[in-house]
Structures are given as C-alpha cells and as structure tokens.
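I have placed the structure first, in the form of structure tokens, so that the comments after it can refer back to it.
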Amino acid sequence: MPKKSTHPPEESLGLERIVFFSDAVMAIAITLLAFDLRIPEIDPSLAATQLPAQLAAITPNLLIFFISFVVIGIYWISHHRYFSYIKRYDTRLMLLNLMFLFFIACMPFVAGLLGRYTLVPIALILYTLALAALGISMALIWFYASRHYRLIDSTLDASTIRTINIRLFVAPLMFLIAVPFAFVSPFAVITVWWLSPLAVVLATRFLRSKRAKRVSP
C-alpha cells in the first residue's frame, strides 16, 4: 500500500502555491528576455546586402539572451530540485523566495541593458551583480530551510545538506569575483561566468573526496 503523507493538506497546498507562483514568474521572465530581440527592418531590395551586417549588430543581444535564458533555466531546475526537499514553509521562507523572484524579474532589464551597452563597464557590473544576487538569494533559501532541518525532510543526509550549501554559494562567489574584470574586458567577465559551473564541480568533488577520506579506515 502507498505510504500516506504525514504533512497536513493545507501545508502541501501552500508549498505547491509557492512553487507554482515561482514557476510562473520564471516563465514570464524568460519570455520577456525575447522582447529585446527585434528583427532588423530593411528594405527588401537591400536585404541581401544589408542583412548580414544587421544580424552582426544584434549579436550581443542574442548572446546575452542565450546566457540569461540558460541562467534562468538553471535556477528553475535548482528551485524545483531543492523545493522537493522542503516539506514545510513559513513566512520567512516565502519572503526569501520573493527576494529570489525579484532578482529573476530583474533579469530582462539587466539583460537588455547589457545587450545594448555591452562594452560599458557599468552595464557589465550591474548584470554580474544581478547574477550574484540571484545565486545568493537561492543559497539563502536553502540555508534557511535546511538549518537544523528547519523545513526539510529530517531523513536527508547531513553531508548532502552541506554539499548543497557549498555548491549554491560557490557560483555567486564566482560572479562577484568577475565584477572587477568589467574594467578589463567583457570577454574576461564572460570567461569567469562560464568558469562558475567548473568551480561548482570542483568544489563538489573536493567535498566528496574529503568525506571519503574521513570515512575510510
């Protein structure tokens, strides 16, 4: 026989509402990202000669759209995964989640700003800080929910909780490290962005190896 849920129906419904609302905000943010992509308006008789140059001109917008789409997509997956561990909720969790969604909602603005002013340091800095704030807010959600098993399943392994905490804080740390590179080169900043997943993987492997040494005879 299937095991009955030990959580009150109203608590499960409340968590579902938090997740559904979050999904809706992230879906809208991803849709709004595309609004800054506009098809070049060219006279049909000149399209064959001018279209390549016009497409090259919007390449930064396309690149920032792709990066932003990937970022929101990754955090949507993370949000779904970590909320599957969360079994209860309270007002603080809802407020932390709203803070996370605030930075999600900011993504179309900072992405449009960077797409238009790609070489301007302040645009790069604002976008990078938005990425860092997004990661920190997601990390705070998990840290608050998992602290002393406040809102998560009590059967979850403690080492798994620590690993998730480290992974969630490593990525925004990399984005903060990338901020000074905005005064050097946009490509240097983007390189540090793409190194953040590698840093997460290395941090995870380091924790696993350290844990394996601790339990080995």
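Letters A, B, ... mark the chains of the structure tokens in the order given; residue numbers begin at 1 per chain; ligand numbers begin at 1, in order shown.
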
Between stretch 72-150 of chain A and stretch 26-33 of chain A, at 8 Å or less, what are the per-residue closest atom pairs and their distances in Å? Count only C-alpha atoms, order by chain and rising residue number, and return it as CSV.
```
residue,atom,partner,partner_atom,distance
A:Ile72,CA,A:Met26,CA,6.9
A:Trp76,CA,A:Met26,CA,7.0
A:Leu101,CA,A:Met26,CA,7.5
A:Ile104,CA,A:Met26,CA,6.5
A:Ala105,CA,A:Ala29,CA,5.7
A:Met107,CA,A:Ala29,CA,7.0
A:Pro108,CA,A:Leu33,CA,4.9
A:Ala111,CA,A:Leu33,CA,7.3
A:Gly112,CA,A:Leu33,CA,7.6
```

Residue selection dump (C-alpha atoms) as an mmCIF file, in the first residue's frame:
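Saved to part_21.cif:
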```
data_model
loop_
_atom_site.group_PDB
_atom_site.id
_atom_site.type_symbol
_atom_site.label_atom_id
_atom_site.label_comp_id
_atom_site.auth_asym_id
_atom_site.auth_seq_id
_atom_site.Cartn_x
_atom_site.Cartn_y
_atom_site.Cartn_z
ATOM 1 C CA ILE A 72 17.097 31.328 -15.508
ATOM 2 C CA TRP A 76 14.418 26.985 -12.363
ATOM 3 C CA LEU A 101 11.917 36.031 -7.659
ATOM 4 C CA ILE A 104 14.604 36.746 -11.542
ATOM 5 C CA ALA A 105 12.237 39.557 -12.574
ATOM 6 C CA MET A 107 16.936 39.698 -15.454
ATOM 7 C CA PRO A 108 15.118 41.022 -18.568
ATOM 8 C CA ALA A 111 19.975 41.641 -19.942
ATOM 9 C CA GLY A 112 18.501 44.332 -22.202
#
```

Using DSSP on the backbone coordinates, identify all residues within stretch 17-217 of chain A classified as helix (DSSP H, G or I); present the result as number ranges by chain.
A: 17-36, 44-57, 59-83, 91-116, 121-149, 158-183, 186-215

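Closest approach to A:Leu95 among A:Ile18, A:Ala34, A:Ile74, A:Ile177 is made by A:Ile18 (distances from only C-alpha atoms).
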
Measuring atom to atom with only C-alpha atoms, identify which of A:Val19, A:Ile122, A:Val201, A:Ile86 is nearest to A:Asp153.
A:Ile86

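Minimum atom-to-atom distance to A:Phe109, evaluated using only C-alpha atoms, belongs to A:Ile64 out of A:Ile64, A:Ala56, A:Ile190, A:Ile141.
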
Among the residues A:Ala139, A:Leu114, A:Leu151, A:Val192, the one that comes closest to A:Leu168 [using only C-alpha atoms]:
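The closest residue to A:Leu168 is A:Ala139.
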
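Picture a line from atom CA of A:Leu131 to atom CA of A:Ser196; it runs 11.2 Å.
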
Here is a test: counting only C-alpha atoms, which residue of A:Pro180, A:Pro186, A:Pro197, A:Gly14 is nearest to A:Asp90?
A:Gly14

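For the pair atom CA of A:Met99 and atom CA of A:Asp23, the separation is 14.4 Å.
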